[in-house]
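Asks: So here's my_file21.pdb, just PDB, C-alpha atoms:
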ATOM      1  CA  MET A   1       6.337 -11.319 -31.400
ATOM      2  CA  SER A   2       4.978 -14.516 -29.890
ATOM      3  CA  LEU A   3       1.629 -16.193 -29.305
ATOM      4  CA  VAL A   4       1.467 -14.424 -25.945
ATOM      5  CA  ASP A   5       1.193 -11.090 -27.776
ATOM      6  CA  LEU A   6      -1.893 -12.185 -29.708
ATOM      7  CA  SER A   7      -5.548 -11.855 -28.840
ATOM      8  CA  LEU A   8      -7.668 -14.962 -28.342
ATOM      9  CA  ASP A   9      -9.335 -14.399 -31.735
ATOM     10  CA  GLU A  10      -5.952 -14.191 -33.450
ATOM     11  CA  CYS A  11      -4.791 -17.392 -31.723
ATOM     12  CA  LEU A  12      -7.965 -19.161 -32.869
ATOM     13  CA  ILE A  13      -7.363 -18.017 -36.441
ATOM     14  CA  ILE A  14      -3.833 -19.452 -36.277
ATOM     15  CA  GLN A  15      -5.064 -22.721 -34.790
ATOM     16  CA  GLN A  16      -7.677 -23.148 -37.519
ATOM     17  CA  ALA A  17      -5.183 -22.314 -40.245
ATOM     18  CA  LEU A  18      -2.624 -24.728 -38.807
ATOM     19  CA  GLU A  19      -5.160 -27.550 -38.618
ATOM     20  CA  ARG A  20      -6.281 -27.005 -42.198
ATOM     21  CA  ASN A  21      -2.789 -26.726 -43.636
ATOM     22  CA  MET A  22      -0.605 -29.099 -41.580
ATOM     23  CA  HIS A  23      -0.947 -31.983 -44.055
ATOM     24  CA  TRP A  24      -0.055 -29.656 -46.939
ATOM     25  CA  TRP A  25       3.016 -28.415 -45.045
ATOM     26  CA  ASP A  26       4.171 -31.942 -44.381
ATOM     27  CA  LYS A  27       3.785 -32.849 -48.039
ATOM     28  CA  GLN A  28       5.758 -29.782 -49.159
ATOM     29  CA  TYR A  29       8.492 -30.403 -46.620
ATOM     30  CA  TRP A  30       9.023 -34.040 -47.565
ATOM     31  CA  LYS A  31       8.863 -33.158 -51.264
ATOM     32  CA  CYS A  32      11.728 -30.704 -50.731
ATOM     33  CA  LEU A  33      13.768 -33.227 -48.793
ATOM     34  CA  LYS A  34      13.400 -35.802 -51.558
ATOM     35  CA  GLN A  35      14.317 -33.338 -54.276
ATOM     36  CA  SER A  36      17.264 -31.977 -52.258
ATOM     37  CA  LYS A  37      17.287 -28.967 -54.567
ATOM     38  CA  THR A  38      15.341 -26.582 -52.403
ATOM     39  CA  ASP A  39      16.023 -25.545 -48.838
ATOM     40  CA  PRO A  40      13.177 -27.245 -46.946
ATOM     41  CA  ILE A  41      12.976 -24.406 -44.446
ATOM     42  CA  GLU A  42      12.529 -21.902 -47.277
ATOM     43  CA  ASN A  43       9.735 -24.010 -48.714
ATOM     44  CA  VAL A  44       8.131 -24.189 -45.294
ATOM     45  CA  ARG A  45       8.331 -20.408 -45.075
ATOM     46  CA  LYS A  46       6.424 -20.209 -48.353
ATOM     47  CA  ALA A  47       3.798 -22.534 -46.929
ATOM     48  CA  ALA A  48       3.614 -20.421 -43.769
ATOM     49  CA  SER A  49       3.169 -17.328 -45.900
ATOM     50  CA  GLU A  50       0.223 -18.973 -47.645
ATOM     51  CA  VAL A  51      -1.291 -19.807 -44.275
ATOM     52  CA  ALA A  52      -0.759 -16.233 -43.138
ATOM     53  CA  ILE A  53      -2.621 -15.091 -46.257
ATOM     54  CA  THR A  54      -5.432 -17.489 -45.331
ATOM     55  CA  CYS A  55      -5.411 -16.055 -41.819
ATOM     56  CA  ASN A  56      -5.443 -12.574 -43.285
ATOM     57  CA  THR A  57      -8.530 -13.387 -45.358
ATOM     58  CA  GLN A  58     -10.283 -14.838 -42.342
ATOM     59  CA  ALA A  59      -9.409 -11.737 -40.334
ATOM     60  CA  ASN A  60     -11.345  -9.560 -42.806
ATOM     61  CA  ASP A  61      -8.214  -8.396 -44.616
ATOM     62  CA  ASN A  62      -6.810  -6.782 -41.475
ATOM     63  CA  GLN A  63      -3.205  -5.976 -42.462
ATOM     64  CA  ALA A  64      -2.096  -5.551 -38.843
ATOM     65  CA  VAL A  65      -3.282  -9.082 -38.041
ATOM     66  CA  HIS A  66      -1.556 -10.382 -41.172
ATOM     67  CA  ARG A  67       1.755  -8.800 -40.139
ATOM     68  CA  LYS A  68       1.413 -10.306 -36.660
ATOM     69  CA  LEU A  69       0.467 -13.767 -37.852
ATOM     70  CA  GLU A  70       2.934 -14.405 -40.649
ATOM     71  CA  PRO A  71       6.128 -14.692 -38.574
ATOM     72  CA  ILE A  72       4.392 -16.707 -35.860
ATOM     73  CA  VAL A  73       2.880 -19.198 -38.293
ATOM     74  CA  ASP A  74       6.289 -19.335 -39.960
ATOM     75  CA  GLN A  75       7.972 -20.259 -36.663
ATOM     76  CA  LEU A  76       5.337 -22.856 -35.803
ATOM     77  CA  CYS A  77       5.597 -24.483 -39.203
ATOM     78  CA  ILE A  78       9.394 -24.672 -39.089
ATOM     79  CA  GLN A  79       9.243 -26.159 -35.589
ATOM     80  CA  HIS A  80       6.726 -28.766 -36.766
ATOM     81  CA  CYS A  81       8.902 -29.784 -39.714
ATOM     82  CA  LYS A  82      12.034 -29.996 -37.566
ATOM     83  CA  GLU A  83      10.184 -32.322 -35.192
ATOM     84  CA  TYR A  84       9.133 -34.525 -38.116
ATOM     85  CA  GLN A  85      12.719 -34.650 -39.352
ATOM     86  CA  LEU A  86      13.823 -35.695 -35.869
ATOM     87  CA  TYR A  87      11.181 -38.466 -35.823
ATOM     88  CA  THR A  88      12.379 -39.668 -39.223
ATOM     89  CA  ASP A  89      15.968 -39.796 -37.959
ATOM     90  CA  ILE A  90      14.975 -41.579 -34.729
ATOM     91  CA  ILE A  91      12.931 -44.213 -36.540
ATOM     92  CA  ALA A  92      15.643 -44.734 -39.148
ATOM     93  CA  HIS A  93      18.207 -45.267 -36.375
ATOM     94  CA  TRP A  94      16.268 -47.246 -33.752
ATOM     95  CA  GLY A  95      13.322 -48.615 -35.752
ATOM     96  CA  LYS A  96       9.557 -48.618 -35.336
ATOM     97  CA  ASP A  97       9.392 -51.598 -32.986
ATOM     98  CA  ARG A  98      11.845 -50.097 -30.522
ATOM     99  CA  GLN A  99       9.901 -46.825 -30.459
ATOM    100  CA  CYS A 100       6.652 -48.711 -29.812
ATOM    101  CA  ILE A 101       8.306 -50.473 -26.871
ATOM    102  CA  CYS A 102       9.620 -47.117 -25.716
ATOM    103  CA  ALA A 103       6.053 -45.739 -25.800
ATOM    104  CA  ILE A 104       4.850 -48.528 -23.529
ATOM    105  CA  GLU A 105       7.735 -47.862 -21.122
ATOM    106  CA  GLU A 106       7.156 -44.084 -21.058
ATOM    107  CA  LEU A 107       3.442 -44.490 -20.388
ATOM    108  CA  ALA A 108       4.250 -46.889 -17.542
ATOM    109  CA  GLU A 109       6.677 -44.363 -16.052
ATOM    110  CA  LEU A 110       3.961 -41.697 -16.095
ATOM    111  CA  GLN A 111       1.569 -44.150 -14.458
ATOM    112  CA  LYS A 112       4.153 -44.808 -11.725
ATOM    113  CA  GLU A 113       4.656 -41.082 -11.031
ATOM    114  CA  LEU A 114       0.910 -40.421 -10.874
ATOM    115  CA  THR A 115       0.470 -43.334  -8.477
ATOM    116  CA  LYS A 116       3.210 -41.900  -6.235
ATOM    117  CA  GLN A 117       1.424 -38.527  -6.308
ATOM    118  CA  LEU A 118      -1.860 -40.104  -5.215
ATOM    119  CA  LYS A 119      -0.034 -41.821  -2.333
ATOM    120  CA  GLY A 120       1.411 -38.477  -1.231
ATOM    121  CA  GLU A 121       4.933 -39.417  -2.320
ATOM    122  CA  GLY A 122       4.926 -37.649  -5.672
ATOM    123  CA  ASN A 123       7.073 -35.000  -7.235
ATOM    124  CA  ILE A 124       5.463 -32.543  -9.653
ATOM    125  CA  ASP A 125       8.726 -32.099 -11.576
ATOM    126  CA  HIS A 126       8.894 -35.854 -12.195
ATOM    127  CA  ILE A 127       5.279 -35.853 -13.393
ATOM    128  CA  ALA A 128       6.032 -32.988 -15.786
ATOM    129  CA  GLU A 129       9.094 -34.835 -17.086
ATOM    130  CA  GLU A 130       7.108 -38.017 -17.718
ATOM    131  CA  ILE A 131       4.284 -36.112 -19.436
ATOM    132  CA  ALA A 132       6.869 -34.514 -21.755
ATOM    133  CA  ASP A 133       8.364 -37.941 -22.514
ATOM    134  CA  CYS A 134       4.889 -39.333 -23.252
ATOM    135  CA  GLU A 135       3.956 -36.444 -25.529
ATOM    136  CA  ILE A 136       7.166 -36.869 -27.507
ATOM    137  CA  ILE A 137       6.861 -40.627 -27.898
ATOM    138  CA  LEU A 138       3.140 -40.433 -28.716
ATOM    139  CA  ALA A 139       3.928 -37.904 -31.451
ATOM    140  CA  GLN A 140       6.395 -40.462 -32.844
ATOM    141  CA  ILE A 141       3.745 -43.196 -32.738
ATOM    142  CA  LYS A 142       1.325 -40.937 -34.622
ATOM    143  CA  TYR A 143       4.086 -40.320 -37.146
ATOM    144  CA  ILE A 144       5.024 -44.005 -37.496
ATOM    145  CA  TYR A 145       1.430 -45.023 -38.242
ATOM    146  CA  ASN A 146       0.442 -41.790 -40.051
ATOM    147  CA  LEU A 147      -2.331 -41.117 -37.542
ATOM    148  CA  ASP A 148      -2.281 -37.316 -37.201
ATOM    149  CA  ASN A 149      -5.648 -36.790 -38.863
ATOM    150  CA  GLU A 150      -7.340 -39.801 -37.284
ATOM    151  CA  VAL A 151      -6.096 -38.887 -33.804
ATOM    152  CA  ALA A 152      -7.279 -35.294 -34.309
ATOM    153  CA  LYS A 153     -10.739 -36.569 -35.296
ATOM    154  CA  GLN A 154     -10.887 -38.939 -32.327
ATOM    155  CA  ARG A 155      -9.701 -36.187 -29.980
ATOM    156  CA  ASP A 156     -12.390 -33.786 -31.201
ATOM    157  CA  TYR A 157     -15.064 -36.477 -30.907
ATOM    158  CA  LYS A 158     -13.987 -37.470 -27.404
ATOM    159  CA  LEU A 159     -13.772 -33.873 -26.178
ATOM    160  CA  LYS A 160     -17.284 -33.192 -27.462
ATOM    161  CA  ARG A 161     -18.518 -36.383 -25.813
ATOM    162  CA  LEU A 162     -16.857 -35.370 -22.528
ATOM    163  CA  ARG A 163     -18.590 -31.982 -22.720
ATOM    164  CA  ILE A 164     -21.968 -33.680 -23.156
ATOM    165  CA  ILE A 165     -21.330 -36.093 -20.269
ATOM    166  CA  LEU A 166     -20.088 -33.317 -17.980
ATOM    167  CA  ASP A 167     -23.032 -31.044 -18.809
ATOM    168  CA  ALA A 168     -25.491 -33.889 -18.138
ATOM    169  CA  GLU A 169     -23.871 -34.620 -14.777
ATOM    170  CA  LEU A 170     -23.883 -30.929 -13.819
ATOM    171  CA  VAL A 171     -27.580 -30.662 -14.656
ATOM    172  CA  HIS A 172     -28.262 -33.832 -12.665
ATOM    173  CA  ALA A 173     -26.318 -32.489  -9.651
ATOM    174  CA  ARG A 174     -28.154 -29.149  -9.840
ATOM    175  CA  LEU A 175     -31.530 -30.907  -9.958
ATOM    176  CA  ASN A 176     -30.589 -33.105  -6.984
ATOM    177  CA  LYS A 177     -29.515 -30.016  -5.041
ATOM    178  CA  GLU A 178     -32.775 -28.228  -5.844
ATOM    179  CA  LEU A 179     -34.798 -31.301  -4.877
ATOM    180  CA  ALA A 180     -32.875 -31.580  -1.606
ATOM    181  CA  THR A 181     -33.421 -27.873  -0.899
ATOM    182  CA  HIS A 182     -37.158 -28.171  -1.586
ATOM    183  CA  GLY A 183     -37.300 -31.358   0.523
ATOM    184  CA  ASP A 184     -35.717 -29.504   3.459
ATOM    185  CA  GLN A 185     -38.311 -26.742   3.197
ATOM    186  CA  LYS A 186     -41.247 -29.169   3.650
TER     187      LYS A 186
END
Represent the supplied structure as structure tokens.
Replies:
Amino acid sequence: MSLVDLSLDECLIIQQALERNMHWWDKQYWKCLKQSKTDPIENVRKAASEVAITCNTQANDNQAVHRKLEPIVDQLCIQHCKEYQLYTDIIAHWGKDRQCICAIEELAELQKELTKQLKGEGNIDHIAEEIADCEIILAQIKYIYNLDNEVAKQRDYKLKRLRIILDAELVHARLNKELATHGDQK
């Protein structure tokens, strides 16, 4: 079972549950690591089970949806915690300053590849590689400065603002087209 096997509604339920519970998962995971008594992955599975129960409630107690969602949320949660452990290890080894410099370098490399593409000299595989590098390093920067929630808020705000701007421009373009059409008829 994977996300591909789910309906759009089921994917939305998972997304909402993940967003609401990610901070709680992180807290549980780090608590387990500090205590070193409990297997962190097992604790994450418990957290994922709670999220699946939340999803189940939101899906009007549909047991089939619950059975589909629980292992997927479980996998996503474990993946998230493994990434955070990797970031912790990276920062402990190389330090925050080096990772910030690395972020600047990775963003510059993406800029270079996009510029090549615009000049007709680009390579899509190189662009994909640089985007992956940027996503990874930006996730580390969010982790270093504990910005997950703030970035999520800013992202939501900016996407809504983009929707408003785009809709206004589309309406403006449609009005201009109608005015031009009516002007041609006169």
Asks: What gap, in Å, lies between CA of Tyr84 (chain A) and CA of Ala139 (chain A)?
Replies: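 Separation between CA of Tyr84 (chain A) and CA of Ala139 (chain A): 9.1 Å.
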Asks: Taking only C-alpha atoms into account, which of A:Ala152, A:Val171, A:Lys177, A:Gln140 comes nearest Lys96 (chain A)?
Replies: A:Gln140
Asks: Would you please work out which residue, of A:Asn149, A:Asn123, A:Gln154, A:Gln99, is nearest to Tyr87 (chain A) when using all atoms listed in the file?
Replies: A:Gln99
Asks: One decimal, in Å: what's the spacing between CA of Cys134 (chain A) and CA of Leu147 (chain A)?
Replies: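 Here the two named atoms are 16.1 Å from each other.
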Asks: Which value, in Å to one decimal, gives the distance between CA of Thr115 (chain A) and CA of Ile136 (chain A)?
Replies: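 Interatomic distance here is 21.2 Å.
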Asks: As a short mmCIF file (atom, residue, chain, number, x, y, z; two decimals), in the coordinates of the input, please: region 163-185 of chain A completed to N, CA, C and O atoms.
Replies:
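Printed below is rebuild.cif as written:
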data_model
loop_
_atom_site.label_atom_id
_atom_site.label_comp_id
_atom_site.auth_asym_id
_atom_site.auth_seq_id
_atom_site.Cartn_x
_atom_site.Cartn_y
_atom_site.Cartn_z
N ARG A 163 -17.80 -33.17 -23.02
CA ARG A 163 -18.59 -31.98 -22.72
C ARG A 163 -20.05 -32.37 -22.48
O ARG A 163 -20.68 -31.90 -21.53
N ILE A 164 -20.57 -33.24 -23.30
CA ILE A 164 -21.97 -33.68 -23.16
C ILE A 164 -22.15 -34.42 -21.83
O ILE A 164 -23.10 -34.17 -21.09
N ILE A 165 -21.24 -35.33 -21.52
CA ILE A 165 -21.33 -36.09 -20.27
C ILE A 165 -21.23 -35.16 -19.06
O ILE A 165 -22.03 -35.26 -18.12
N LEU A 166 -20.26 -34.24 -19.09
CA LEU A 166 -20.09 -33.32 -17.98
C LEU A 166 -21.33 -32.44 -17.80
O LEU A 166 -21.82 -32.27 -16.68
N ASP A 167 -21.84 -31.89 -18.90
CA ASP A 167 -23.03 -31.04 -18.81
C ASP A 167 -24.21 -31.82 -18.23
O ASP A 167 -24.96 -31.29 -17.40
N ALA A 168 -24.39 -33.07 -18.65
CA ALA A 168 -25.49 -33.89 -18.14
C ALA A 168 -25.33 -34.12 -16.64
O ALA A 168 -26.30 -34.02 -15.87
N GLU A 169 -24.10 -34.40 -16.20
CA GLU A 169 -23.87 -34.62 -14.78
C GLU A 169 -24.07 -33.34 -13.97
O GLU A 169 -24.58 -33.38 -12.85
N LEU A 170 -23.68 -32.20 -14.52
CA LEU A 170 -23.88 -30.93 -13.82
C LEU A 170 -25.37 -30.61 -13.67
O LEU A 170 -25.81 -30.15 -12.61
N VAL A 171 -26.13 -30.88 -14.72
CA VAL A 171 -27.58 -30.66 -14.66
C VAL A 171 -28.18 -31.60 -13.62
O VAL A 171 -29.01 -31.19 -12.79
N HIS A 172 -27.76 -32.84 -13.63
CA HIS A 172 -28.26 -33.83 -12.66
C HIS A 172 -27.94 -33.39 -11.22
O HIS A 172 -28.80 -33.46 -10.34
N ALA A 173 -26.72 -32.94 -10.99
CA ALA A 173 -26.32 -32.49 -9.65
C ALA A 173 -27.13 -31.27 -9.22
O ALA A 173 -27.56 -31.17 -8.07
N ARG A 174 -27.36 -30.35 -10.15
CA ARG A 174 -28.15 -29.15 -9.84
C ARG A 174 -29.59 -29.54 -9.49
O ARG A 174 -30.17 -29.02 -8.53
N LEU A 175 -30.16 -30.45 -10.25
CA LEU A 175 -31.53 -30.91 -9.96
C LEU A 175 -31.60 -31.59 -8.60
O LEU A 175 -32.54 -31.35 -7.82
N ASN A 176 -30.61 -32.43 -8.29
CA ASN A 176 -30.59 -33.10 -6.98
C ASN A 176 -30.48 -32.09 -5.85
O ASN A 176 -31.13 -32.24 -4.81
N LYS A 177 -29.67 -31.06 -6.06
CA LYS A 177 -29.52 -30.02 -5.04
C LYS A 177 -30.83 -29.26 -4.84
O LYS A 177 -31.23 -29.00 -3.70
N GLU A 178 -31.49 -28.93 -5.94
CA GLU A 178 -32.78 -28.23 -5.84
C GLU A 178 -33.83 -29.10 -5.17
O GLU A 178 -34.60 -28.62 -4.33
N LEU A 179 -33.84 -30.39 -5.51
CA LEU A 179 -34.80 -31.30 -4.88
C LEU A 179 -34.52 -31.42 -3.38
O LEU A 179 -35.44 -31.44 -2.57
N ALA A 180 -33.25 -31.49 -3.02
CA ALA A 180 -32.88 -31.58 -1.61
C ALA A 180 -33.27 -30.30 -0.87
O ALA A 180 -33.76 -30.35 0.26
N THR A 181 -33.06 -29.16 -1.51
CA THR A 181 -33.42 -27.87 -0.90
C THR A 181 -34.93 -27.79 -0.70
O THR A 181 -35.40 -27.38 0.37
N HIS A 182 -35.70 -28.19 -1.69
CA HIS A 182 -37.16 -28.17 -1.59
C HIS A 182 -37.64 -29.19 -0.56
O HIS A 182 -38.61 -28.97 0.14
N GLY A 183 -36.93 -30.33 -0.46
CA GLY A 183 -37.30 -31.36 0.52
C GLY A 183 -37.07 -30.86 1.94
O GLY A 183 -37.83 -31.17 2.85
N ASP A 184 -36.00 -30.05 2.14
CA ASP A 184 -35.72 -29.50 3.46
C ASP A 184 -36.74 -28.46 3.88
O ASP A 184 -36.99 -28.26 5.06
N GLN A 185 -37.35 -27.80 2.90
CA GLN A 185 -38.31 -26.74 3.20
C GLN A 185 -39.65 -27.32 3.63
O GLN A 185 -40.45 -26.64 4.26
#
